[in-house]
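Q: Take a look at work-v4.tsv, TSV, C-alpha atoms and all ligand atoms:
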chain	number	residue	atom	x	y	z
A	1	MET	CA	9.26	52.93	-53.91
A	2	SER	CA	9.67	55.90	-56.21
A	3	ARG	CA	6.64	58.15	-56.42
A	4	VAL	CA	7.69	59.43	-59.82
A	5	GLU	CA	5.38	58.46	-62.69
A	6	TRP	CA	5.19	59.40	-66.34
A	7	THR	CA	2.83	59.93	-69.23
A	8	VAL	CA	3.27	60.51	-72.94
A	9	SER	CA	0.77	62.73	-74.78
A	10	ARG	CA	0.37	63.47	-78.44
A	11	LEU	CA	0.09	67.22	-78.95
A	12	PRO	CA	-0.74	69.16	-82.13
A	13	LYS	CA	1.97	69.46	-84.79
A	14	ASP	CA	3.00	65.84	-84.27
A	15	ILE	CA	4.83	66.66	-81.08
A	16	THR	CA	4.91	64.06	-78.32
A	17	MET	CA	5.19	65.37	-74.78
A	18	ILE	CA	6.91	63.16	-72.23
A	19	ARG	CA	5.95	64.18	-68.71
A	20	ILE	CA	7.78	62.87	-65.66
A	21	TYR	CA	5.79	63.53	-62.50
A	22	ASP	CA	7.80	64.18	-59.38
A	23	LYS	CA	5.68	63.76	-56.29
A	24	GLU	CA	8.68	62.99	-54.14
A	25	THR	CA	10.60	66.25	-54.07
A	26	GLN	CA	9.49	68.26	-51.06
A	27	TYR	CA	11.93	71.13	-51.50
A	28	PHE	CA	12.64	72.15	-55.09
A	29	GLU	CA	16.27	73.28	-55.38
A	30	ALA	CA	16.54	71.94	-51.80
A	31	LEU	CA	14.79	75.18	-50.88
A	32	TRP	CA	11.22	75.71	-52.08
A	33	GLU	CA	8.31	73.87	-50.50
A	34	ILE	CA	6.19	72.35	-53.30
A	35	PRO	CA	3.35	70.25	-51.89
A	36	GLU	CA	1.72	70.68	-55.32
A	37	GLY	CA	4.53	68.66	-56.95
A	38	ILE	CA	6.37	69.35	-60.18
A	39	GLU	CA	6.76	67.72	-63.57
A	40	TYR	CA	9.62	67.66	-66.05
A	41	ASN	CA	8.66	67.80	-69.73
A	42	SER	CA	10.63	66.63	-72.73
A	43	TYR	CA	9.40	66.61	-76.31
A	44	LEU	CA	9.90	64.23	-79.18
A	45	MET	CA	9.34	65.03	-82.87
A	46	PHE	CA	9.86	62.78	-85.82
A	47	THR	CA	11.05	63.82	-89.26
A	48	GLU	CA	11.79	61.57	-92.22
A	49	GLU	CA	15.35	61.30	-90.88
A	50	GLY	CA	14.42	60.24	-87.36
A	51	GLY	CA	13.67	61.59	-83.91
A	52	ILE	CA	14.58	64.93	-82.38
A	53	LEU	CA	14.40	65.05	-78.63
A	54	ILE	CA	14.16	68.33	-76.74
A	55	ASP	CA	15.60	67.83	-73.24
A	56	THR	CA	16.00	64.49	-71.51
A	57	GLY	CA	14.14	64.45	-68.20
A	58	PRO	CA	15.29	64.53	-64.57
A	59	LYS	CA	18.49	63.19	-63.04
A	60	ASP	CA	16.93	59.91	-62.00
A	61	SER	CA	16.56	58.84	-65.60
A	62	SER	CA	14.70	55.55	-65.09
A	63	ALA	CA	11.17	56.95	-65.52
A	64	PHE	CA	12.21	59.03	-68.52
A	65	MET	CA	13.86	56.07	-70.27
A	66	GLU	CA	10.82	53.89	-69.58
A	67	ALA	CA	8.53	56.59	-71.01
A	68	LEU	CA	10.74	57.14	-74.05
A	69	ARG	CA	11.03	53.41	-74.78
A	70	SER	CA	7.24	53.18	-74.76
A	71	ILE	CA	7.22	55.28	-77.96
A	72	ALA	CA	10.72	55.09	-79.47
A	73	SER	CA	14.06	53.40	-79.19
A	74	PRO	CA	17.26	55.37	-78.50
A	75	SER	CA	18.41	54.12	-81.90
A	76	ASP	CA	15.56	56.16	-83.47
A	77	ILE	CA	16.96	59.42	-82.08
A	78	LYS	CA	19.00	61.50	-84.51
A	79	ALA	CA	19.42	64.65	-82.44
A	80	ILE	CA	19.01	65.89	-78.91
A	81	VAL	CA	18.59	69.58	-78.19
A	82	VAL	CA	19.60	70.52	-74.66
A	83	ASN	CA	17.78	73.76	-73.92
A	84	HIS	CA	19.05	73.84	-70.34
A	85	MET	CA	21.66	71.72	-68.60
A	86	GLU	CA	20.21	71.79	-65.11
A	87	PRO	CA	19.88	68.15	-64.07
A	88	ASP	CA	16.07	68.30	-63.93
A	89	HIS	CA	16.23	68.44	-67.75
A	90	SER	CA	19.44	66.68	-68.77
A	91	GLY	CA	19.14	63.51	-66.67
A	92	ALA	CA	19.08	60.80	-69.36
A	93	LEU	CA	21.65	62.39	-71.64
A	94	ARG	CA	24.43	60.01	-70.76
A	95	GLU	CA	22.26	56.92	-70.96
A	96	LEU	CA	20.97	57.96	-74.38
A	97	LEU	CA	24.47	58.64	-75.72
A	98	ASP	CA	25.72	55.36	-74.27
A	99	SER	CA	22.92	53.61	-76.19
A	100	ASN	CA	23.40	55.53	-79.43
A	101	LYS	CA	26.72	57.23	-80.03
A	102	GLU	CA	25.50	58.63	-83.37
A	103	ILE	CA	23.14	61.11	-81.76
A	104	LYS	CA	24.00	64.71	-82.53
A	105	VAL	CA	23.80	66.92	-79.44
A	106	VAL	CA	22.87	70.56	-79.97
A	107	SER	CA	23.23	73.17	-77.27
A	108	HIS	CA	24.86	76.33	-75.95
A	109	PRO	CA	28.70	76.16	-75.85
A	110	LEU	CA	28.67	76.27	-72.04
A	111	SER	CA	26.38	73.23	-71.92
A	112	PHE	CA	29.11	71.03	-73.37
A	113	LYS	CA	31.45	72.04	-70.54
A	114	LEU	CA	28.71	71.23	-68.05
A	115	MET	CA	28.05	67.85	-69.73
A	116	GLU	CA	31.69	67.00	-69.14
A	117	SER	CA	31.67	68.07	-65.52
A	118	PHE	CA	28.20	66.73	-64.58
A	119	TYR	CA	28.17	63.44	-66.47
A	120	SER	CA	31.68	62.95	-68.00
A	121	ILE	CA	30.06	63.21	-71.45
A	122	SER	CA	31.81	64.37	-74.57
A	123	PRO	CA	29.39	63.72	-77.46
A	124	ARG	CA	30.96	62.42	-80.64
A	125	PHE	CA	28.70	64.70	-82.68
A	126	LYS	CA	28.06	68.06	-81.14
A	127	LEU	CA	26.86	71.40	-82.37
A	128	GLU	CA	27.38	74.59	-80.37
A	129	VAL	CA	24.66	77.05	-81.30
A	130	LYS	CA	25.09	80.79	-81.52
A	131	ASP	CA	22.31	83.23	-80.71
A	132	GLY	CA	19.90	83.40	-83.64
A	133	ALA	CA	21.41	80.37	-85.41
A	134	GLU	CA	19.14	78.77	-88.01
A	135	MET	CA	19.63	75.34	-89.50
A	136	GLN	CA	18.16	72.12	-90.77
A	137	LEU	CA	18.43	69.65	-87.92
A	138	ALA	CA	17.62	66.06	-88.88
A	139	GLY	CA	15.27	67.43	-91.51
A	140	GLU	CA	13.61	69.97	-89.19
A	141	SER	CA	13.91	73.70	-89.83
A	142	VAL	CA	14.92	75.20	-86.47
A	143	LYS	CA	16.18	78.42	-84.95
A	144	PHE	CA	17.85	78.94	-81.58
A	145	PHE	CA	17.93	81.89	-79.22
A	146	GLN	CA	20.25	82.30	-76.27
A	147	LEU	CA	18.35	83.69	-73.27
A	148	PRO	CA	20.95	83.81	-70.53
A	149	TRP	CA	19.88	83.39	-66.90
A	150	LEU	CA	16.42	82.06	-67.56
A	151	HIS	CA	17.37	80.20	-65.59
A	152	TRP	CA	21.06	79.43	-66.02
A	153	PRO	CA	23.65	81.22	-68.18
A	154	GLU	CA	23.53	78.54	-70.88
A	155	THR	CA	19.77	78.68	-71.47
A	156	ILE	CA	18.58	78.46	-75.06
A	157	VAL	CA	15.09	78.17	-76.51
A	158	THR	CA	14.35	76.28	-79.68
A	159	TYR	CA	11.92	77.32	-82.38
A	160	SER	CA	10.74	74.80	-84.92
A	161	LYS	CA	9.72	76.70	-88.02
A	162	SER	CA	8.38	73.48	-89.50
A	163	ARG	CA	5.86	73.12	-86.67
A	164	SER	CA	5.43	76.72	-85.48
A	165	ALA	CA	6.45	75.49	-82.03
A	166	LEU	CA	8.65	77.16	-79.41
A	167	PHE	CA	10.34	74.99	-76.78
A	168	THR	CA	11.16	77.23	-73.84
A	169	GLY	CA	12.79	75.18	-71.08
A	170	ASP	CA	12.12	76.68	-67.65
A	171	ILE	CA	10.56	79.79	-69.20
A	172	PHE	CA	6.76	79.86	-68.77
A	173	GLY	CA	6.99	76.81	-66.53
A	174	ALA	CA	4.95	76.13	-63.41
A	175	TYR	CA	4.90	73.97	-60.33
A	176	SER	CA	2.03	71.46	-59.97
A	177	LEU	CA	1.02	68.36	-61.91
A	178	PRO	CA	-1.59	69.77	-64.28
A	179	LYS	CA	-4.13	67.34	-65.63
A	180	ASP	CA	-4.10	68.82	-69.11
A	181	PRO	CA	-0.85	68.63	-71.09
A	182	LEU	CA	-2.02	71.54	-73.27
A	183	ILE	CA	-3.88	74.70	-72.30
A	184	GLY	CA	-5.86	76.10	-75.18
A	185	SER	CA	-5.62	79.77	-74.30
A	186	MET	CA	-4.28	82.13	-71.71
A	187	GLN	CA	-7.61	82.15	-69.85
A	188	LEU	CA	-5.73	80.38	-67.09
A	189	ASP	CA	-7.49	79.23	-64.01
A	190	PRO	CA	-6.30	81.14	-60.94
A	191	ASP	CA	-4.66	78.10	-59.34
A	192	TYR	CA	-2.52	77.44	-62.40
A	193	LEU	CA	-1.61	81.10	-62.75
A	194	TRP	CA	-0.52	81.05	-59.10
A	195	SER	CA	1.67	77.96	-59.80
A	196	MET	CA	3.31	79.83	-62.70
A	197	LYS	CA	3.86	82.97	-60.66
A	198	LYS	CA	5.19	81.08	-57.66
A	199	TYR	CA	7.63	79.23	-59.93
A	200	PHE	CA	8.66	82.52	-61.57
A	201	VAL	CA	9.36	84.32	-58.29
A	202	ASN	CA	11.10	81.35	-56.64
A	203	VAL	CA	13.26	80.20	-59.52
A	204	ILE	CA	13.65	83.13	-61.93
A	205	GLY	CA	12.85	86.09	-59.66
A	206	ALA	CA	16.51	86.93	-59.10
A	207	TYR	CA	17.03	87.56	-62.83
A	208	ARG	CA	14.40	90.18	-63.63
A	209	SER	CA	16.59	92.32	-65.89
A	210	ASN	CA	17.49	89.18	-67.88
A	211	VAL	CA	13.79	88.38	-68.15
A	212	LEU	CA	13.18	91.80	-69.69
A	213	ASN	CA	16.08	91.29	-72.11
A	214	ALA	CA	14.60	87.93	-73.10
A	215	VAL	CA	11.14	89.43	-73.57
A	216	LYS	CA	12.62	92.08	-75.88
A	217	LYS	CA	14.66	89.57	-77.84
A	218	LEU	CA	11.70	87.27	-78.45
A	219	ARG	CA	9.43	90.20	-79.34
A	220	ASP	CA	12.03	91.57	-81.76
A	221	SER	CA	12.33	88.14	-83.35
A	222	ASN	CA	8.73	88.42	-84.59
A	223	LEU	CA	8.13	84.76	-83.88
A	224	SER	CA	4.51	83.81	-83.79
A	225	PRO	CA	4.41	80.20	-82.65
A	226	GLU	CA	1.08	78.44	-82.45
A	227	ILE	CA	2.28	76.31	-79.58
A	228	VAL	CA	4.68	77.09	-76.70
A	229	LEU	CA	6.16	74.16	-74.81
A	230	PRO	CA	7.86	74.68	-71.43
A	231	ALA	CA	9.82	72.08	-69.51
A	232	HIS	CA	7.56	72.31	-66.43
A	233	GLY	CA	3.75	72.30	-66.39
A	234	SER	CA	1.36	72.56	-69.31
A	235	ALA	CA	2.08	73.58	-72.88
A	236	PHE	CA	0.10	76.48	-74.37
A	237	SER	CA	-1.56	77.06	-77.71
A	238	GLY	CA	-3.29	80.03	-79.30
A	239	ASN	CA	-2.93	82.61	-82.05
A	240	ARG	CA	-1.10	85.19	-79.94
A	241	ILE	CA	0.12	82.84	-77.29
A	242	LEU	CA	3.77	83.95	-77.21
A	243	GLU	CA	2.86	87.62	-76.85
A	244	GLU	CA	0.41	86.77	-74.07
A	245	LEU	CA	3.08	84.84	-72.20
A	246	LEU	CA	5.69	87.53	-72.78
A	247	SER	CA	3.32	90.18	-71.45
A	248	LEU	CA	2.79	88.08	-68.35
A	249	TYR	CA	6.53	87.70	-67.76
A	250	GLU	CA	7.08	91.39	-68.45
A	251	SER	CA	4.48	92.37	-65.87
A	252	TRP	CA	5.97	89.97	-63.31
A	253	ALA	CA	9.54	91.12	-64.00
A	254	THR	CA	8.56	94.75	-63.51
A	255	CYS	CA	6.16	94.03	-60.62
A	256	SER	CA	3.44	96.02	-62.36
A	257	GLU	CA	0.59	93.95	-60.91
A	258	ARG	CA	-0.79	95.14	-57.59
A	259	GLY	CA	-2.24	92.57	-55.22
A	260	LYS	CA	-2.88	92.09	-51.54
A	261	ASN	CA	-0.59	93.43	-48.87
A	262	VAL	CA	1.38	90.88	-46.85
A	263	ILE	CA	1.89	90.49	-43.12
A	264	ALA	CA	4.59	88.02	-42.08
A	265	PHE	CA	5.55	87.31	-38.50
A	266	THR	CA	7.70	85.08	-36.34
A	267	SER	CA	6.40	84.38	-32.86
A	268	MET	CA	7.92	82.14	-30.18
A	269	TYR	CA	5.61	82.79	-27.23
A	270	GLY	CA	2.66	84.58	-28.79
A	271	PHE	CA	3.67	88.23	-28.36
A	272	SER	CA	4.31	88.86	-32.07
A	273	GLU	CA	1.20	86.86	-32.88
A	274	GLU	CA	-0.81	89.18	-30.68
A	275	VAL	CA	0.66	92.13	-32.58
A	276	SER	CA	-0.38	90.45	-35.85
A	277	ARG	CA	-3.96	90.12	-34.57
A	278	GLU	CA	-4.05	93.81	-33.71
A	279	LEU	CA	-2.58	94.60	-37.09
A	280	ILE	CA	-5.30	92.62	-38.85
A	281	HIS	CA	-7.87	94.57	-36.88
A	282	ILE	CA	-6.28	97.85	-38.03
A	283	PHE	CA	-5.98	96.64	-41.65
A	284	GLU	CA	-9.66	95.69	-41.69
A	285	GLU	CA	-10.70	99.01	-40.20
A	286	MET	CA	-8.67	100.80	-42.84
A	287	GLY	CA	-10.03	98.61	-45.64
A	288	LEU	CA	-6.60	97.20	-46.55
A	289	GLU	CA	-6.57	93.75	-48.13
A	290	TYR	CA	-3.92	91.37	-46.83
A	291	ARG	CA	-2.53	87.88	-46.71
A	292	ILE	CA	-0.85	86.69	-43.52
A	293	PHE	CA	2.07	84.28	-43.14
A	294	SER	CA	3.06	82.97	-39.71
A	295	PHE	CA	6.24	81.31	-38.48
A	296	THR	CA	5.59	80.09	-34.94
A	297	SER	CA	6.38	77.22	-32.60
A	298	LYS	CA	3.17	75.50	-33.76
A	299	GLY	CA	3.84	75.62	-37.48
A	300	ARG	CA	5.07	77.71	-40.31
A	301	GLU	CA	4.03	78.78	-43.76
A	302	ALA	CA	5.97	77.84	-46.86
A	303	PHE	CA	8.70	80.33	-47.74
A	304	SER	CA	7.93	79.55	-51.40
A	305	ASP	CA	4.35	80.84	-50.98
A	306	THR	CA	5.32	83.74	-48.73
A	307	ILE	CA	7.86	85.17	-51.16
A	308	ALA	CA	5.50	84.62	-54.12
A	309	ALA	CA	2.68	86.44	-52.33
A	310	MET	CA	5.06	89.33	-51.68
A	311	GLN	CA	5.60	89.72	-55.46
A	312	ASP	CA	2.45	91.83	-55.89
A	313	ALA	CA	2.22	93.32	-52.40
A	314	PRO	CA	2.52	97.14	-52.30
A	315	LEU	CA	2.92	96.99	-48.53
A	316	ILE	CA	4.65	94.36	-46.41
A	317	VAL	CA	4.58	94.33	-42.63
A	318	LEU	CA	7.28	92.24	-40.99
A	319	ILE	CA	6.89	91.42	-37.31
A	320	SER	CA	9.89	89.77	-35.72
A	321	SER	CA	10.44	88.43	-32.26
A	322	THR	CA	13.87	89.03	-30.72
A	323	TYR	CA	16.22	86.06	-30.68
A	324	GLU	CA	19.66	86.17	-29.05
A	325	ASN	CA	19.73	89.94	-29.12
A	326	SER	CA	18.84	90.16	-32.79
A	327	THR	CA	16.11	89.50	-35.34
A	328	HIS	CA	14.60	86.02	-35.30
A	329	PRO	CA	16.64	83.77	-37.66
A	330	LEU	CA	13.59	82.79	-39.72
A	331	MET	CA	12.81	86.47	-40.31
A	332	ASN	CA	16.43	87.04	-41.33
A	333	TYR	CA	16.08	84.16	-43.75
A	334	LEU	CA	12.84	85.54	-45.18
A	335	VAL	CA	14.45	88.96	-45.64
A	336	SER	CA	17.43	87.36	-47.40
A	337	LEU	CA	14.97	85.81	-49.88
A	338	MET	CA	13.19	89.15	-50.30
A	339	GLU	CA	16.52	90.82	-51.13
A	340	LYS	CA	17.23	88.32	-53.87
A	341	LYS	CA	13.81	87.61	-55.33
A	342	LEU	CA	11.65	90.74	-55.11
A	343	CYS	CA	11.42	94.11	-56.81
A	344	LYS	CA	12.49	96.82	-54.40
A	345	ASP	CA	9.36	98.94	-54.90
A	346	LYS	CA	7.83	97.69	-51.66
A	347	ASN	CA	6.83	99.80	-48.71
A	348	ILE	CA	7.80	97.93	-45.59
A	349	LEU	CA	6.72	98.50	-42.02
A	350	VAL	CA	8.92	96.80	-39.44
A	351	ILE	CA	7.70	95.76	-36.03
A	352	GLY	CA	9.96	94.10	-33.47
A	353	THR	CA	8.85	92.54	-30.21
A	354	TYR	CA	11.16	92.09	-27.23
A	355	GLY	CA	11.22	91.25	-23.54
A	356	TRP	CA	14.31	93.13	-22.47
A	357	GLY	CA	17.18	94.93	-24.19
A	358	GLY	CA	15.14	97.19	-26.49
A	359	GLY	CA	14.42	97.26	-30.18
A	360	VAL	CA	17.35	95.38	-31.72
A	361	ALA	CA	15.13	93.06	-33.79
A	362	ALA	CA	13.50	96.04	-35.48
A	363	SER	CA	16.64	98.16	-35.90
A	364	SER	CA	18.60	95.30	-37.39
A	365	LEU	CA	15.79	94.58	-39.86
A	366	VAL	CA	15.51	98.24	-40.85
A	367	GLU	CA	19.24	98.39	-41.54
A	368	THR	CA	19.17	95.27	-43.72
A	369	LEU	CA	16.05	96.29	-45.66
A	370	THR	CA	17.26	99.85	-46.24
A	371	LYS	CA	20.64	98.62	-47.45
A	372	ALA	CA	18.80	96.27	-49.83
A	373	GLY	CA	16.93	99.22	-51.34
A	374	PHE	CA	13.42	98.68	-49.96
A	375	ARG	CA	11.37	101.69	-48.79
A	376	VAL	CA	11.07	101.34	-45.03
A	377	LEU	CA	8.04	103.27	-43.77
A	378	GLY	CA	9.14	103.10	-40.18
A	379	SER	CA	9.81	100.76	-37.32
A	380	ILE	CA	8.02	100.16	-34.08
A	381	SER	CA	9.32	98.14	-31.16
A	382	VAL	CA	6.76	96.50	-28.88
A	383	ARG	CA	7.79	95.50	-25.39
A	384	SER	CA	6.08	92.12	-25.04
A	385	THR	CA	2.41	93.06	-24.90
A	386	ILE	CA	1.16	95.58	-27.41
A	387	THR	CA	-0.02	98.87	-25.89
A	388	SER	CA	-2.52	101.43	-27.11
A	389	ASN	CA	0.41	103.72	-27.93
A	390	ASP	CA	1.97	100.97	-30.09
A	391	LYS	CA	-1.34	100.58	-31.93
A	392	LEU	CA	-1.45	104.33	-32.50
A	393	LEU	CA	2.10	104.28	-33.94
A	394	ILE	CA	1.19	101.39	-36.26
A	395	ARG	CA	-1.94	103.17	-37.43
A	396	GLU	CA	0.02	106.38	-38.09
A	397	ALA	CA	2.64	104.51	-40.11
A	398	LEU	CA	-0.04	102.82	-42.23
A	399	GLU	CA	-1.87	106.10	-42.75
A	400	LYS	CA	1.42	107.59	-43.95
A	401	GLN	CA	1.60	104.79	-46.53
A	402	LEU	CA	-1.97	105.44	-47.65
A	403	HIS	CA	-1.31	109.15	-48.00
A	404	GLN	CA	1.86	108.48	-49.99
A	405	LYS	CA	-0.18	106.29	-52.32
A	406	ALA	CA	-2.85	108.95	-52.72
A	407	ALA	CA	-0.32	111.75	-53.37
B	501	LIG	FE1	13.86	73.32	-64.45
B	501	LIG	FE2	16.46	75.51	-64.20
B	501	LIG	O1	15.66	73.84	-64.33
Written as structure tokens, how would this file's structure read?
Ligand code: FEO
A:
Amino acid sequence: MSRVEWTVSRLPKDITMIRIYDKETQYFEALWEIPEGIEYNSYLMFTEEGGILIDTGPKDSSAFMEALRSIASPSDIKAIVVNHMEPDHSGALRELLDSNKEIKVVSHPLSFKLMESFYSISPRFKLEVKDGAEMQLAGESVKFFQLPWLHWPETIVTYSKSRSALFTGDIFGAYSLPKDPLIGSMQLDPDYLWSMKKYFVNVIGAYRSNVLNAVKKLRDSNLSPEIVLPAHGSAFSGNRILEELLSLYESWATCSERGKNVIAFTSMYGFSEEVSRELIHIFEEMGLEYRIFSFTSKGREAFSDTIAAMQDAPLIVLISSTYENSTHPLMNYLVSLMEKKLCKDKNILVIGTYGWGGGVAASSLVETLTKAGFRVLGSISVRSTITSNDKLLIREALEKQLHQKAA
């Protein structure tokens, strides 16, 4: 039985939000652990000419079509705006066009190529929008902005002048299944803010320069929507809501927030884990705040949470066991995510543990991290059980980091 459910909610400005809850996906993008779940939002607005639909729900379109039919018939729809062609937002497009061939489809030029290749769709009535295009769409005064790579190259956002509403696709989205469809201000509770940040780092983190371009473009546009409506998570309302959200994205894209340091370790037989315990002891003595993420034979943390926690960490300590004369594969995987998803302004201390053969786990990690542009503070190789000399070396490396910070 599918664990996907739906709701429809009437929001201000006569906008209806269709939320499809996905409690089934364990790994978003077949990659990110999301025990908190995710939802896919579409929006329906009516004018005197008929319905305008913004995005069409996830690939399994059954829940979306059921939700839509509870409030409107496909024959009521005059236009569909596809903000983003990824199949978590374009799922029911074909079914809708099969039901009503008169629907005008509005999107980025690339989206129409993707419609053809994903769903063999070639809409009878289509409108390719340029950046900044303004028009009357089924009686609604709208403006479109192209914001490439947030999160795909064909991303657009749609501003309804008539309703002072900005539909933003993935942008400002979050994981989780929030109870409230609309958040009244940016006084976000910490759990929701974490869901937004985790989503940002996981899904959009690789495109930080594009995020900054998008922030500039939307600021320069002087839009001042009263309601902002993403395709994942809650919608937002407030007098300065867009600027508040843009400031948040700007700070995340530039990594200007400073949070707890992160310790991440792989441990097969407990030696690296023992190093992590000693490290915690040293951190606490030095008054350094930290979060710790373990990858051991007994269990492992979510990579989605680990990489999101690293977003604000000034200092990261990676402790890797040696595996087949190299770094442990899970540590290699974590570092490959760090390369793609994080700012490079991190200080990283590398610790390798080994039984024989020397410090290959550490040296290999140092090489990869340095090549990626991170600041490597140093590396320490621990032969099985940590010694007092190893502890001294770790302490010295951390003190070096503290002094650098103070200077
Ligand atoms: Fe939620 Fe990039 O799709």
Q: Check every protein, DNA and RNA residue against ligand LIG 501 (chain B), keep those with an atom at most 7 Å away (counting all atoms listed in the file), and present them as a compact mmCIF listing (two decimals) with C-alpha atoms, in the coordinates of the input.
A:
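The result, written out as out_20.txt:
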# COMPACT_ATOMS: atom_id res chain seq x y z
CA HIS A 84 19.05 73.84 -70.34
CA GLU A 86 20.21 71.79 -65.11
CA ASP A 88 16.07 68.30 -63.93
CA HIS A 89 16.23 68.44 -67.75
CA HIS A 151 17.37 80.20 -65.59
CA TRP A 152 21.06 79.43 -66.02
CA GLY A 169 12.79 75.18 -71.08
CA ASP A 170 12.12 76.68 -67.65
CA ALA A 231 9.82 72.08 -69.51
CA HIS A 232 7.56 72.31 -66.43
Q: When you look at region 330-338 of chain A with a cut-off of 8 Å (counting all atoms listed in the file), what residues show up, excluding the ones that are within fewer than 4 positions of it in the same chain? I need them as an MDAnalysis selection string.
A: chainID A and resid 265:266 295 303 307 320 342 365 369
Q: Residues as selected, C-alpha atoms, written as a CSV table (one decimal), keeping the file's coordinate frame, can you do that?
A:
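Output file out_26.csv is given in full below:
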chain,number,residue,atom,x,y,z
A,265,PHE,CA,5.6,87.3,-38.5
A,266,THR,CA,7.7,85.1,-36.3
A,295,PHE,CA,6.2,81.3,-38.5
A,303,PHE,CA,8.7,80.3,-47.7
A,307,ILE,CA,7.9,85.2,-51.2
A,320,SER,CA,9.9,89.8,-35.7
A,342,LEU,CA,11.6,90.7,-55.1
A,365,LEU,CA,15.8,94.6,-39.9
A,369,LEU,CA,16.0,96.3,-45.7
Q: For a cutoff of 8 Å around the file-coordinate point (9.1, 102.8, -32.9), which residues qualify once you count only C-alpha atoms? I'd like the result as a ChimeraX atom specification.
A: /A:351,378-382,390,393
Q: So, with all atoms listed in the file as the atoms that count, which of A:Ser234, A:Asn347, A:Asn213, A:Gln146 lies closest to Asn41 (chain A)?
A: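 The answer is A:Ser234, which sits nearest to Asn41 (chain A).
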Q: Just give me the gap between CA of Ser111 (chain A) and CA of Arg163 (chain A) in Å, one decimal is fine.
A: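 Distance between the two atoms: 25.3 Å.
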Q: Just the residues within 12 Å of Glu399 (chain A), please, counting all atoms listed in the file, with nothing from its chain fewer than 5 positions along; format it as JSON, numbers by chain.
A: {"A": [282, 283, 285, 286, 287, 288, 315, 349, 377, 378, 392, 393, 394, 404, 405, 406]}
Q: So the first atom is CA of Arg383 (chain A) and the second is CA of Ile316 (chain A); what is the distance between them in Å, to one decimal place?
A: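 Separation of CA of Arg383 (chain A) and CA of Ile316 (chain A): 21.3 Å.
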Q: Could you list as a PyMOL selection string every residue that has an atom within 12 Å of (6.5, 78.6, -84.0), using the file's coordinates and counting only C-alpha atoms?
A: chain A and resi 13+141-144+157-168+218+221-229+236-242
Q: Take region 116-129 of chain A, model N, CA and C atoms, and hand the result over as a tab-separated table (two decimals), in the coordinates of the input.
A:
chain	number	residue	atom	x	y	z
A	116	GLU	N	30.44	67.65	-69.55
A	116	GLU	CA	31.69	67.00	-69.14
A	116	GLU	C	31.77	66.93	-67.62
A	117	SER	N	31.48	68.06	-66.97
A	117	SER	CA	31.67	68.07	-65.52
A	117	SER	C	30.53	67.36	-64.77
A	118	PHE	N	29.31	67.41	-65.28
A	118	PHE	CA	28.20	66.73	-64.58
A	118	PHE	C	28.22	65.22	-64.82
A	119	TYR	N	28.43	64.85	-66.09
A	119	TYR	CA	28.17	63.44	-66.47
A	119	TYR	C	29.36	62.78	-67.19
A	120	SER	N	30.51	63.47	-67.26
A	120	SER	CA	31.68	62.95	-68.00
A	120	SER	C	31.29	62.58	-69.44
A	121	ILE	N	30.51	63.45	-70.07
A	121	ILE	CA	30.06	63.21	-71.45
A	121	ILE	C	30.81	64.14	-72.40
A	122	SER	N	31.29	63.56	-73.48
A	122	SER	CA	31.81	64.37	-74.57
A	122	SER	C	31.22	63.81	-75.86
A	123	PRO	N	30.08	64.34	-76.31
A	123	PRO	CA	29.39	63.72	-77.46
A	123	PRO	C	30.28	63.65	-78.70
A	124	ARG	N	30.16	62.56	-79.42
A	124	ARG	CA	30.96	62.42	-80.64
A	124	ARG	C	30.53	63.47	-81.67
A	125	PHE	N	29.23	63.68	-81.75
A	125	PHE	CA	28.70	64.70	-82.68
A	125	PHE	C	28.04	65.81	-81.87
A	126	LYS	N	28.64	66.96	-81.93
A	126	LYS	CA	28.06	68.06	-81.14
A	126	LYS	C	28.00	69.34	-81.97
A	127	LEU	N	27.04	70.15	-81.64
A	127	LEU	CA	26.86	71.40	-82.37
A	127	LEU	C	26.60	72.51	-81.36
A	128	GLU	N	27.54	73.45	-81.29
A	128	GLU	CA	27.38	74.59	-80.37
A	128	GLU	C	26.60	75.66	-81.11
A	129	VAL	N	25.48	76.09	-80.55
A	129	VAL	CA	24.66	77.05	-81.30
A	129	VAL	C	24.90	78.47	-80.82
